[in-house]
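Structure first, then comments.
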Amino acid sequence: QKEVEQNSGPLSVPEGAIASLNCTYSDRVSQSFFWYRQYSGKSPELIMSIYSNGDKEDGRFTAQLNKASQYVSLLIRDSQPSDSATYLCAVNRSGGYQKVTFGIGTKLQVIP
Amino acid sequence: KAGVTQTPRYLIKTRGQQVTLSCSPISGHRSVSWYQQTPGQGLQFLFEYFSETQRNKGNFPGRFSGRQFSNSRSEMNVSTLELGDSALYLCASSSSGSKGDTQYFGPGTRLTVL
């Protein structure tokens with residue numbers, strides 16, 4: 001079982017729709033969760049971080065965390081063609097220092 | 001504030017050679033992590049340095065090594081290159097490297113091994 005699992009996609013949504021990206025993780029004691037966006041040929045950039053159960057909203061983005069189910073999601077409202085990218089879920093394991101584990105990433109395509 | 005910089009941006013080597021990649025973190029950041037990104041495996045953690053000390057290491061063979069200097073700049077070295085080492089190598093810096101700390105990525109070095 002992979003430590004961080006994502007569906008590689010592609011996930012296609014029409015412009016203006018809500019895109020829902022999902023991620024599960026295996027280490028029950030993981031404490032920090034991140035969503036990165038990576039455009040083709042570019043490096044990842046942080047979109048959201050979440051540490052507590054529940055929802056965290058930032059503009060059109062909402063991250064959701066359910067530690068009991070070991071599940072993290074990212075919702076993108078009013079999806080735009082410029083949101084087309086690969087979205088990486090990342091988990092920082094407990095125990096102190098940085099050792100971030102990334103999922104394979106979900107490719108999102110927003111269709112105009 | 002200048003971002004994370006990596007040099008060189010592109011590199012072509014042949015099997016058996018060695019390569020050294022460089023990363024300069026954001027000013028004031030003391031933690032540097034290195035990742036390998038391939039289409040099939042995604043982003044995989046190589047190692048993390050803080051104050052010139054390696055604190056964490058991923059599951060890579062000993063051919064992969066790194067170091068960090070007193071100014072927080074970091075280098076990684078790959079010896080005896082194999083075809084499978086072709087990848088995008090990314091470094092990321094953060095202020096302290098503690099869990100929850102935000103990592104900022106550099107543009108990456110694209111390594112091709114022929």
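Please note that chains go A, B, ... in the order of the structure tokens, that every chain numbers its residues from 1, and that ligands are numbered from 1 in the order shown.
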
Residues of chain A that approach chain B to 12 Å or less, counting only C-alpha atoms: could you list each one with the shortest pair of atoms and its distance in Å to one decimal, rows by chain and increasing residue number, as CSV?
```
residue,atom,partner,partner_atom,distance
A:Lys2,CA,B:Gln41,CA,10.8
A:Glu3,CA,B:Gln44,CA,11.4
A:Val4,CA,B:Gly42,CA,10.9
A:Glu5,CA,B:Gly42,CA,11.1
A:Gln6,CA,B:Gly42,CA,10.9
A:Ser8,CA,B:Gly42,CA,10.2
A:Ser30,CA,B:Lys99,CA,9.7
A:Gln31,CA,B:Lys99,CA,7.8
A:Ser32,CA,B:Gly100,CA,5.3
A:Phe33,CA,B:Gly100,CA,7.8
A:Phe34,CA,B:Gly100,CA,8.8
A:Trp35,CA,B:Thr102,CA,11.0
A:Tyr36,CA,B:Gln103,CA,10.2
A:Arg37,CA,B:Phe105,CA,11.4
A:Gln38,CA,B:Phe105,CA,10.6
A:Tyr39,CA,B:Pro107,CA,11.5
A:Ser40,CA,B:Pro39,CA,11.5
A:Gly41,CA,B:Pro107,CA,9.0
A:Lys42,CA,B:Pro107,CA,6.4
A:Ser43,CA,B:Pro107,CA,5.3
A:Pro44,CA,B:Phe105,CA,6.3
A:Glu45,CA,B:Phe105,CA,6.9
A:Leu46,CA,B:Tyr104,CA,7.5
A:Ile47,CA,B:Thr102,CA,10.5
A:Met48,CA,B:Thr102,CA,9.8
A:Ser49,CA,B:Gly100,CA,8.0
A:Ile50,CA,B:Gly100,CA,8.7
A:Tyr51,CA,B:Gly100,CA,7.7
A:Ser52,CA,B:Gly100,CA,11.4
A:Thr86,CA,B:Gly42,CA,11.0
A:Tyr87,CA,B:Gly42,CA,11.4
A:Leu88,CA,B:Leu43,CA,9.0
A:Cys89,CA,B:Leu43,CA,10.4
A:Ala90,CA,B:Leu43,CA,9.6
A:Val91,CA,B:Gly100,CA,9.4
A:Asn92,CA,B:Lys99,CA,6.2
A:Arg93,CA,B:Lys99,CA,7.6
A:Ser94,CA,B:Lys99,CA,7.3
A:Gly95,CA,B:Lys99,CA,8.2
A:Gly96,CA,B:Lys99,CA,5.8
A:Tyr97,CA,B:Ser98,CA,4.6
A:Gln98,CA,B:Gly97,CA,5.2
A:Lys99,CA,B:Asn56,CA,6.7
A:Val100,CA,B:Phe45,CA,7.0
A:Thr101,CA,B:Phe45,CA,6.8
A:Phe102,CA,B:Leu43,CA,5.9
A:Gly103,CA,B:Gly42,CA,6.9
A:Ile104,CA,B:Gly42,CA,4.7
A:Gly105,CA,B:Gly42,CA,7.3
A:Thr106,CA,B:Gly42,CA,10.7
A:Lys107,CA,B:Pro39,CA,12.0
```

* Asked: What lies within 12 Å of Asn77 in chain B using only C-alpha atoms, ignoring chain neighbours under 2 positions off, as a PyMOL selection string?
  -> chain B and resi 17-23+34+46-47+61-68+74-75+79-81+85+89+111

* Can you list every residue in range 33-73 of chain A that DSSP puts in strand (DSSP E or B), as a VMD selection string? -> chain A and resid 33 to 38 45 to 50 54 to 58 61 to 66 71 to 73

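The protein and nucleic acid residues lying at most 8 Å from Phe69 in chain B are Ser51, Glu52, Arg73 and Ser74 of chain B, with only C-alpha atoms considered and sequence neighbours fewer than 4 positions away removed.
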
* Close residues, range 9-20 of chain A itself excluded, 12 Å, only C-alpha atoms, min 2 positions apart in chain, as an NGL selection string -> :A and (6-7 or 22-23 or 60-64 or 72-88 or 104-112)

Could you save the residues just selected, with C-alpha atoms, as a tab-separated table (two decimals), in the first residue's frame?
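Final output, again.tsv:
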```tsv
chain	number	residue	atom	x	y	z
A	6	GLN	CA	-4.29	9.68	-5.39
A	7	ASN	CA	-6.11	8.87	-8.59
A	22	ASN	CA	-9.13	13.20	-3.26
A	23	CYS	CA	-6.23	11.71	-1.34
A	60	ARG	CA	-11.98	29.29	-4.51
A	61	PHE	CA	-10.12	26.49	-2.75
A	62	THR	CA	-11.37	24.39	0.18
A	63	ALA	CA	-9.27	21.70	1.82
A	64	GLN	CA	-11.05	19.04	3.86
A	72	VAL	CA	-7.83	14.68	2.53
A	73	SER	CA	-9.62	16.44	-0.29
A	74	LEU	CA	-9.37	19.66	-2.25
A	75	LEU	CA	-12.38	21.36	-3.77
A	76	ILE	CA	-11.94	23.98	-6.45
A	77	ARG	CA	-15.05	26.08	-6.99
A	78	ASP	CA	-15.79	27.91	-10.24
A	79	SER	CA	-13.02	25.97	-12.00
A	80	GLN	CA	-11.11	27.93	-14.64
A	81	PRO	CA	-9.02	26.66	-17.56
A	82	SER	CA	-6.01	28.15	-15.74
A	83	ASP	CA	-6.63	25.59	-12.97
A	84	SER	CA	-5.64	22.82	-15.38
A	85	ALA	CA	-2.58	21.28	-13.75
A	86	THR	CA	-1.49	18.32	-11.67
A	87	TYR	CA	-2.48	18.53	-8.01
A	88	LEU	CA	-0.18	16.84	-5.53
A	104	ILE	CA	1.46	10.63	-7.57
A	105	GLY	CA	-0.75	13.64	-8.32
A	106	THR	CA	-4.12	14.04	-10.04
A	107	LYS	CA	-4.16	15.70	-13.44
A	108	LEU	CA	-7.05	18.14	-13.69
A	109	GLN	CA	-8.38	19.36	-17.01
A	110	VAL	CA	-10.86	22.21	-17.01
A	111	ILE	CA	-12.75	22.26	-20.29
A	112	PRO	CA	-13.78	25.74	-21.56
```

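Note that CA of Asn53 in chain A and CA of Lys67 in chain A are 6.3 Å apart.
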
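Rounded to one decimal, CA of Lys13 in chain B and CA of Met76 in chain B lie 15.3 Å from each other.
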